[in-house]
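> One structure coming up, written as structure tokens, with questions to follow.
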There are 2 protein chains.
Amino acid sequence: MPYATLADIAKRANKSIATVSRVLNDKADEGIRISEETKQQILTFAKELNYRPNFLARHLVQKDSRVIGLLIPDIMQIFFNEICYYLSRKLNESGYDILLAHSYEDPEPERKAIEMILSRRVNGIVVAPAKGQHNLELLEDIRSRNIPLILLDRYFIDKIFYSVTSDDVQGSYRLVSHLIDQGARNILFLCGDRETSVTIERIAGYRKAFLEQKIPVEERLFLESGFFQKDGYKITRRLIADGALKGVEAIMGVNDEIALGVLEALWEEGVKVPQDILVAGYGDERYSKYLRVPLTSVQQQTSVLAEHTYRLLMKLIEKKKIPKINTKVSCQLIVRESTVRERQGGAA
Amino acid sequence: MPYATLADIAKRANKSIATVSRVLNDKADEGIRISEETKQQILTFAKELNYRPNFLARHLVQKDSRVIGLLIPDIMQIFFNEICYYLSRKLNESGYDILLAHSYEDPEPERKAIEMILSRRVNGIVVAPAKGQHNLELLEDIRSRNIPLILLDRYFIDKIFYSVTSDDVQGSYRLVSHLIDQGARNILFLCGDRETSVTIERIAGYRKAFLEQKIPVEERLFLESGFFQKDGYKITRRLIADGALKGVEAIMGVNDEIALGVLEALWEEGVKVPQDILVAGYGDERYSKYLRVPLTSVQQQTSVLAEHTYRLLMKLIEKKKIPKINTKVSCQLIVRESTVRERQGGAA
DNA sequence: TTGAAAGCGCTAACAC
DNA sequence: GTGTTAGCGCTTTCAA
């Protein structure tokens with residue numbers, strides 16, 4: 001018998017299960033009187049038997065599991081790692097626990113994970129959807145059932161969900177403007193996945209910057225990549241081999257990991273950053289400042305994103321009505337050596 | 001009504017709850033016959049009502065929650081991040097879900113997290129204990145109840161628990177031997193926490209290397225630090241300010257993050273690595289190869305650690321008897337620029 | 001102040 | 001093939 005039950009304690013104490021339950025849940029404050037004697041007795045037996053409440057049973061009746069489902073593509077992506085940390089922290093403080101699920105950027109595991117989370121009757125669910133636009137119907141179904149649901153980082157354009165995201169149009173706009181400023185015109189964007197909101201927004205920001213300078217945008221410069229260093233590395237090696245990097249003056253990665261892979265490939269080929277080509281990342285990871293060439297990046301405030309998500313979630317759980325559907329958190333451009341030309345514009 | 005129940009379906013289909021349960025759990029293969037007609041009917045209604053099983057109820061009767069509790073100090077420590085990823089991946093494949101809990105390196109939150117995990121009646125629990133030696137009684141209690149429990153990365157010396165750890169004696173020995181080889185004698189170790197097994201082992205490895213060379217070990221060179229970049233940074237700044245770095249020829253960090261902080265502080269002061277001082281990390285993070293000065297580190301095979309943990313856990317759940325209590329995974333030294341003296345030993 | 005009893009949603013043994 | 005019943009461990013009326 002690994003676990004004692006209320007009945008075990010009741011039998012020992014010669015009291016009813018109800019009384020034991022009342023004592024152990026400290027219902028005294030709710031106006032329910034229990035004699036000090038029974039109370040002490042029950043408490044003693046509970047300790048003796050090493051009683052641990054069974055939340056499955058409790059929550060079955062209470063309809064409240066004190067669990068939040070967090071579904072992310074992949075905790076190895078540092079961005080989601082940080083989100084997970086900050087969100088956990090806040091939720092823990094409020095007595096919620098975390099059921100962590102991965103979609104691995106794949107629709108089918110994502111679907112299964114969502115179903116699993118729902119079957120566990122969580123109090124709320126936070127989803128950073130897998131790349132692309134999948135499981136929309138399922139998510140809409142959840143929403144329509146008034147189960148607290150928040151989309152994080154990535155959302156579905158034109159669909160109504162509560163969401164907390166970075167202002168990627170702005171972030172990308174600032175970055176691209178800076179690159180243009182440095183004299184770059186052919187700016188390659190290793191953009192993750194083109195159907196994902198994050199990328200859609202960043203491309204919008206890219207276009208905005210070009211439009212402002214009245215420079216035409218070349219569609220071929222948006223290249224899908226994965227999200228990891230190895231992806232950035234592979235794609236860059238291939239581009240070099242194909243001679244496709246000719247004329248490219250800057251490369252921006254969808255995150256710093258990709259940028260790291262790009263740098264690796266370039267260095268291997270003896271291409272100098274920033275002299276021969278500019279490279280920028282996104283996300284401003286802890287290490288980016290200390291790379292062989294410090295990396296220009298866009299800082300995303302993961303702790304702020306998590307904070308907003310947390311607050312929104314609490315409100316949804318409390319069934320408050322929330323006017324604001326989409327929360328956007330602004331980003332900051334961090335310029336470092338990797339995108340600063342030494343002799344800036346001989347033409348100037 | 002966000003969720004339909006078996007009873008709802010039963011009512012619609014004019015069948016008993018039991019039959020509905022049987023259909024939905026596809027008991028056909030277990031020799032239980034159900035007419036195709038009722039089956040289709042029930043399936044249709046289930047879909048129509050968007051039925052989702054209530055795992056709280058199911059697991060209450062089955063005594064099997066298909067959840068594993070993972071308790072780590074902090075998912076922001078990259079090491080634990082990777083462990084979490086690989087372990088999740090394996091567990092997902094076997095149909096287990098993850099309840100993620102943090103101790104924040106603190107005994108009290110750790111205790112609460114353990115209690116929470118137990119109350120949720122997980123099938124197994126993987127713990128990377130908070131630094132120090134805490135909650136030992138609680139963990140021993142779990143063990144004595146035959147609840148599958150595995151200690152990960154950190155363990156309790158002289159206490160019997162199943163554990164999966166890196167061979168830190170060996171890892172540290174190799175690193176320190178290398179540093180001695182490079183002519184360093186005063187090797188400062190920013191060691192995290194002295195009571196944690198990881199550190200105890202690394203100090204043992206350190207001593208072993210010194211013993212082999214018949215060089216006395218100076219106790220004052222073991223300095224407790226945290227586990228993050230900022231900790232490494234702060235401590236190094238302080239050491240510099242105090243003039244305590246005089247004579248120190250090498251600094252090793254308990255992980256790469258700490259080493260990063262050390263590098264940062266040294267650079268700020270114009271101290272050159274490796275010319276003026278050698279610096280090494282531990283863990284070999286993705287970025288360590290690409291730092292301004294590529295960082296020497298000890299590679300810990302997180303995926304192998306996770307794999308062993310997974311296999312052991314499955315065995316424990318299946319109530320197999322396991323002879324091997326402690327599983328050790330070896331580490332590999334990765335030598336890079338940060339610890340290689342340019343003019344190696346003018347004395348040679 | 002305490003107990004009896006119902007019921008949360010589900011599974012499983014037993015009956016027909 | 002399908003229904004009836006008991007029961008998992010707990011909370012929560014309702015009575016006493």
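We label chains A, B, ... in the order they appear in the structure tokens, count residues from 1 in each chain, and number ligands from 1 in the order shown.
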Compile the residues of chain B that lie within 6 Å of chain A, evaluated using only C-alpha atoms, and express the compilation as a list in words.
Pro2, Arg52, Pro53, Asn54, Phe55, Leu56, Leu60, Ile98, Leu99, Leu100, Ser119, Arg120, Arg145, Tyr290, Leu291 and Arg292 of chain B
> Please produce a file of those selected residues containing C-alpha atoms, as a PDB file, in the first residue's frame.

ATOM      1  CA  PRO B   2     -17.419  21.964 -21.473  1.00  0.00           C
ATOM      2  CA  ARG B  52     -12.974  13.489 -24.243  1.00  0.00           C
ATOM      3  CA  PRO B  53     -12.266  10.886 -21.595  1.00  0.00           C
ATOM      4  CA  ASN B  54     -11.714  12.206 -18.113  1.00  0.00           C
ATOM      5  CA  PHE B  55      -8.349  10.869 -17.082  1.00  0.00           C
ATOM      6  CA  LEU B  56      -8.874  11.906 -13.499  1.00  0.00           C
ATOM      7  CA  LEU B  60      -8.632   6.959 -10.136  1.00  0.00           C
ATOM      8  CA  ILE B  98       5.355  15.102 -17.933  1.00  0.00           C
ATOM      9  CA  LEU B  99       4.530  17.004 -14.857  1.00  0.00           C
ATOM     10  CA  LEU B 100       7.312  19.540 -14.571  1.00  0.00           C
ATOM     11  CA  SER B 119      -0.523  13.713  -4.613  1.00  0.00           C
ATOM     12  CA  ARG B 120      -1.032  13.552  -8.317  1.00  0.00           C
ATOM     13  CA  ARG B 145       6.940   2.811  -0.675  1.00  0.00           C
ATOM     14  CA  TYR B 290      31.947  29.998 -30.899  1.00  0.00           C
ATOM     15  CA  LEU B 291      32.872  32.342 -28.128  1.00  0.00           C
ATOM     16  CA  ARG B 292      35.370  35.134 -28.553  1.00  0.00           C
TER      17      ARG B 292
END
> Restrict the distance test to only C-alpha atoms (C1' of nucleotides), flag each residue of chain D within 10 Å of chain B, and return the flagged residues as a tab-separated table (two decimals) with N, CA and C atoms (P, O5', C5', C4', C3', O3' and C1' of nucleotides), in the first residue's frame.

chain	number	residue	atom	x	y	z
D	1	DG	P	-22.11	-10.68	-31.49
D	1	DG	O5'	-22.07	-9.18	-31.03
D	1	DG	C5'	-21.89	-8.94	-29.69
D	1	DG	C4'	-23.19	-8.42	-29.14
D	1	DG	C3'	-23.06	-7.02	-28.58
D	1	DG	O3'	-24.29	-6.35	-28.76
D	1	DG	C1'	-23.54	-8.55	-26.83
D	2	DT	P	-24.49	-4.85	-28.48
D	2	DT	O5'	-24.84	-4.83	-26.94
D	2	DT	C5'	-26.18	-5.18	-26.56
D	2	DT	C4'	-26.26	-5.23	-25.07
D	2	DT	C3'	-25.90	-3.92	-24.37
D	2	DT	O3'	-27.12	-3.38	-23.89
D	2	DT	C1'	-25.09	-5.83	-23.22
D	3	DG	P	-27.19	-2.05	-23.14
D	3	DG	O5'	-27.45	-2.54	-21.65
D	3	DG	C5'	-28.55	-3.42	-21.42
D	3	DG	C4'	-28.52	-3.87	-19.98
D	3	DG	C3'	-28.44	-2.73	-18.98
D	3	DG	O3'	-29.37	-2.99	-17.94
D	3	DG	C1'	-26.66	-4.26	-18.61
D	4	DT	P	-29.62	-1.98	-16.80
D	4	DT	O5'	-29.02	-2.72	-15.53
D	4	DT	C5'	-29.13	-4.14	-15.40
D	4	DT	C4'	-28.42	-4.54	-14.12
D	4	DT	C3'	-28.41	-3.46	-13.03
D	4	DT	O3'	-28.65	-4.10	-11.78
D	4	DT	C1'	-26.19	-4.08	-13.54
D	7	DG	P	-18.33	-2.80	-3.17
D	7	DG	O5'	-17.23	-1.83	-3.77
D	7	DG	C5'	-16.30	-2.36	-4.71
D	7	DG	C4'	-15.51	-1.21	-5.27
D	7	DG	C3'	-15.20	-0.13	-4.23
D	7	DG	O3'	-13.86	0.27	-4.40
D	7	DG	C1'	-16.16	0.83	-6.11
D	8	DC	P	-13.02	0.72	-3.16
D	8	DC	O5'	-11.83	1.51	-3.83
D	8	DC	C5'	-11.15	1.04	-4.99
D	8	DC	C4'	-10.74	2.25	-5.80
D	8	DC	C3'	-10.52	3.49	-4.95
D	8	DC	O3'	-9.13	3.57	-4.63
D	8	DC	C1'	-11.78	3.97	-6.96
D	9	DG	P	-8.64	3.69	-3.14
D	9	DG	O5'	-8.87	5.24	-2.84
D	9	DG	C5'	-8.12	6.20	-3.57
D	9	DG	C4'	-8.71	7.56	-3.30
D	9	DG	C3'	-8.84	7.91	-1.82
D	9	DG	O3'	-8.20	9.15	-1.62
D	9	DG	C1'	-10.88	8.28	-2.95
> Taking only C-alpha atoms (C1' of nucleotides) into account, report as a PyMOL selection string which residues of chain C lie within 7 Å of chain B.
chain C and resi 9-11
> Contacts of B:Gly232 at 8 Å or less, counting only C-alpha atoms (C1' of nucleotides), minus same-chain residues fewer than 2 places along, as a compact mmCIF listing (two decimals) with C-alpha atoms, in the first residue's frame?

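Below is the file around-v3.txt, written as the result:
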# COMPACT_ATOMS: atom_id res chain seq x y z
CA LEU B 190 34.07 28.03 -8.97
CA SER B 225 29.37 30.04 -6.78
CA GLY B 226 25.87 29.90 -8.17
CA PHE B 227 25.15 28.30 -11.50
CA PHE B 228 24.55 31.27 -13.74
CA GLN B 229 26.54 33.66 -15.82
CA LYS B 230 25.82 36.55 -13.51
CA LYS B 234 30.04 38.85 -9.89
CA ILE B 235 32.41 36.53 -8.14
CA THR B 236 35.18 37.23 -10.63
CA GLY B 253 33.56 26.89 -13.71
CA GLU B 257 27.46 29.66 -17.94
CA ILE B 258 29.70 30.40 -15.00
CA ALA B 259 32.72 30.32 -17.28
CA LEU B 260 30.97 32.82 -19.53
CA GLY B 261 30.53 35.17 -16.59
CA VAL B 262 34.18 34.72 -15.68
> Show which residues sit within 12 Å of D:DA15, as number ranges by chain. Count only C-alpha atoms (C1' of nucleotides), and ignore same-chain residues fewer than 6 positions away.
C: 2-5
> Would you save the residues of that selection, restricted to C-alpha atoms (C1' of nucleotides), as a PDB file, in the first residue's frame?

ATOM      1  C1'  DT C   2     -20.132  14.537  13.671  1.00  0.00           C
ATOM      2  C1'  DG C   3     -21.986  10.856  10.492  1.00  0.00           C
ATOM      3  C1'  DA C   4     -24.536   8.918   6.549  1.00  0.00           C
ATOM      4  C1'  DA C   5     -25.106   9.121   1.942  1.00  0.00           C
TER       5       DA C   5
END
> Leaving out A:Val271 and any residue of its chain fewer than 2 positions from it, which residues lie within 12 Å of it when counting only C-alpha atoms (C1' of nucleotides), given as a list in words?
Thr236, Arg237, Ile240, Leu245, Lys246, Glu249, Val262, Leu263, Glu264, Ala265, Leu266, Trp267, Glu268, Glu269, Val273, Pro274, Gln275, Asp276, Ile277, Leu278 and Val279 of chain A
> Using N, CA and C atoms, can you export the residues from the last selection as a PDB file, in the first residue's frame?

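Once everything was written out, this is out10.pdb:
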ATOM      1  N   THR A 236      23.456  27.325 -44.916  1.00  0.00           N
ATOM      2  CA  THR A 236      24.505  28.262 -45.345  1.00  0.00           C
ATOM      3  C   THR A 236      25.576  27.542 -46.162  1.00  0.00           C
ATOM      4  N   ARG A 237      25.947  26.353 -45.702  1.00  0.00           N
ATOM      5  CA  ARG A 237      26.904  25.554 -46.481  1.00  0.00           C
ATOM      6  C   ARG A 237      26.383  25.352 -47.902  1.00  0.00           C
ATOM      7  N   ILE A 240      26.498  28.514 -49.985  1.00  0.00           N
ATOM      8  CA  ILE A 240      27.864  28.807 -50.405  1.00  0.00           C
ATOM      9  C   ILE A 240      28.244  27.896 -51.574  1.00  0.00           C
ATOM     10  N   LEU A 245      25.244  32.822 -52.432  1.00  0.00           N
ATOM     11  CA  LEU A 245      25.504  33.911 -51.493  1.00  0.00           C
ATOM     12  C   LEU A 245      26.149  35.111 -52.177  1.00  0.00           C
ATOM     13  N   LYS A 246      26.434  34.935 -53.442  1.00  0.00           N
ATOM     14  CA  LYS A 246      27.013  36.044 -54.225  1.00  0.00           C
ATOM     15  C   LYS A 246      26.073  37.243 -54.171  1.00  0.00           C
ATOM     16  N   GLU A 249      24.478  40.699 -48.932  1.00  0.00           N
ATOM     17  CA  GLU A 249      25.280  41.559 -48.062  1.00  0.00           C
ATOM     18  C   GLU A 249      25.001  41.351 -46.575  1.00  0.00           C
ATOM     19  N   VAL A 262      24.927  29.913 -39.064  1.00  0.00           N
ATOM     20  CA  VAL A 262      25.369  30.695 -40.220  1.00  0.00           C
ATOM     21  C   VAL A 262      26.817  31.124 -40.026  1.00  0.00           C
ATOM     22  N   LEU A 263      27.081  31.662 -38.871  1.00  0.00           N
ATOM     23  CA  LEU A 263      28.443  32.117 -38.571  1.00  0.00           C
ATOM     24  C   LEU A 263      29.432  30.964 -38.714  1.00  0.00           C
ATOM     25  N   GLU A 264      29.056  29.828 -38.170  1.00  0.00           N
ATOM     26  CA  GLU A 264      29.931  28.663 -38.233  1.00  0.00           C
ATOM     27  C   GLU A 264      30.286  28.318 -39.674  1.00  0.00           C
ATOM     28  N   ALA A 265      29.262  28.255 -40.516  1.00  0.00           N
ATOM     29  CA  ALA A 265      29.481  27.903 -41.918  1.00  0.00           C
ATOM     30  C   ALA A 265      30.345  28.954 -42.617  1.00  0.00           C
ATOM     31  N   LEU A 266      30.062  30.200 -42.339  1.00  0.00           N
ATOM     32  CA  LEU A 266      30.824  31.280 -42.979  1.00  0.00           C
ATOM     33  C   LEU A 266      32.290  31.208 -42.563  1.00  0.00           C
ATOM     34  N   TRP A 267      32.505  31.042 -41.287  1.00  0.00           N
ATOM     35  CA  TRP A 267      33.881  30.997 -40.788  1.00  0.00           C
ATOM     36  C   TRP A 267      34.655  29.843 -41.416  1.00  0.00           C
ATOM     37  N   GLU A 268      33.990  28.729 -41.511  1.00  0.00           N
ATOM     38  CA  GLU A 268      34.652  27.576 -42.122  1.00  0.00           C
ATOM     39  C   GLU A 268      35.139  27.877 -43.525  1.00  0.00           C
ATOM     40  N   GLU A 269      34.386  28.727 -44.202  1.00  0.00           N
ATOM     41  CA  GLU A 269      34.745  29.066 -45.585  1.00  0.00           C
ATOM     42  C   GLU A 269      35.639  30.301 -45.652  1.00  0.00           C
ATOM     43  N   VAL A 273      32.971  38.091 -41.028  1.00  0.00           N
ATOM     44  CA  VAL A 273      31.832  38.851 -40.526  1.00  0.00           C
ATOM     45  C   VAL A 273      32.374  39.903 -39.577  1.00  0.00           C
ATOM     46  N   PRO A 274      32.063  41.155 -39.752  1.00  0.00           N
ATOM     47  CA  PRO A 274      31.120  41.751 -40.702  1.00  0.00           C
ATOM     48  C   PRO A 274      31.760  42.244 -42.012  1.00  0.00           C
ATOM     49  N   GLN A 275      33.045  42.058 -42.170  1.00  0.00           N
ATOM     50  CA  GLN A 275      33.694  42.647 -43.340  1.00  0.00           C
ATOM     51  C   GLN A 275      33.098  42.184 -44.666  1.00  0.00           C
ATOM     52  N   ASP A 276      32.924  40.871 -44.801  1.00  0.00           N
ATOM     53  CA  ASP A 276      32.415  40.356 -46.067  1.00  0.00           C
ATOM     54  C   ASP A 276      30.895  40.291 -46.112  1.00  0.00           C
ATOM     55  N   ILE A 277      30.325  40.068 -44.956  1.00  0.00           N
ATOM     56  CA  ILE A 277      28.866  39.923 -44.903  1.00  0.00           C
ATOM     57  C   ILE A 277      28.403  40.223 -43.472  1.00  0.00           C
ATOM     58  N   LEU A 278      27.220  40.795 -43.353  1.00  0.00           N
ATOM     59  CA  LEU A 278      26.665  41.076 -42.027  1.00  0.00           C
ATOM     60  C   LEU A 278      25.785  39.909 -41.590  1.00  0.00           C
ATOM     61  N   VAL A 279      25.758  39.648 -40.302  1.00  0.00           N
ATOM     62  CA  VAL A 279      24.902  38.568 -39.789  1.00  0.00           C
ATOM     63  C   VAL A 279      24.162  39.055 -38.537  1.00  0.00           C
TER      64      VAL A 279
END
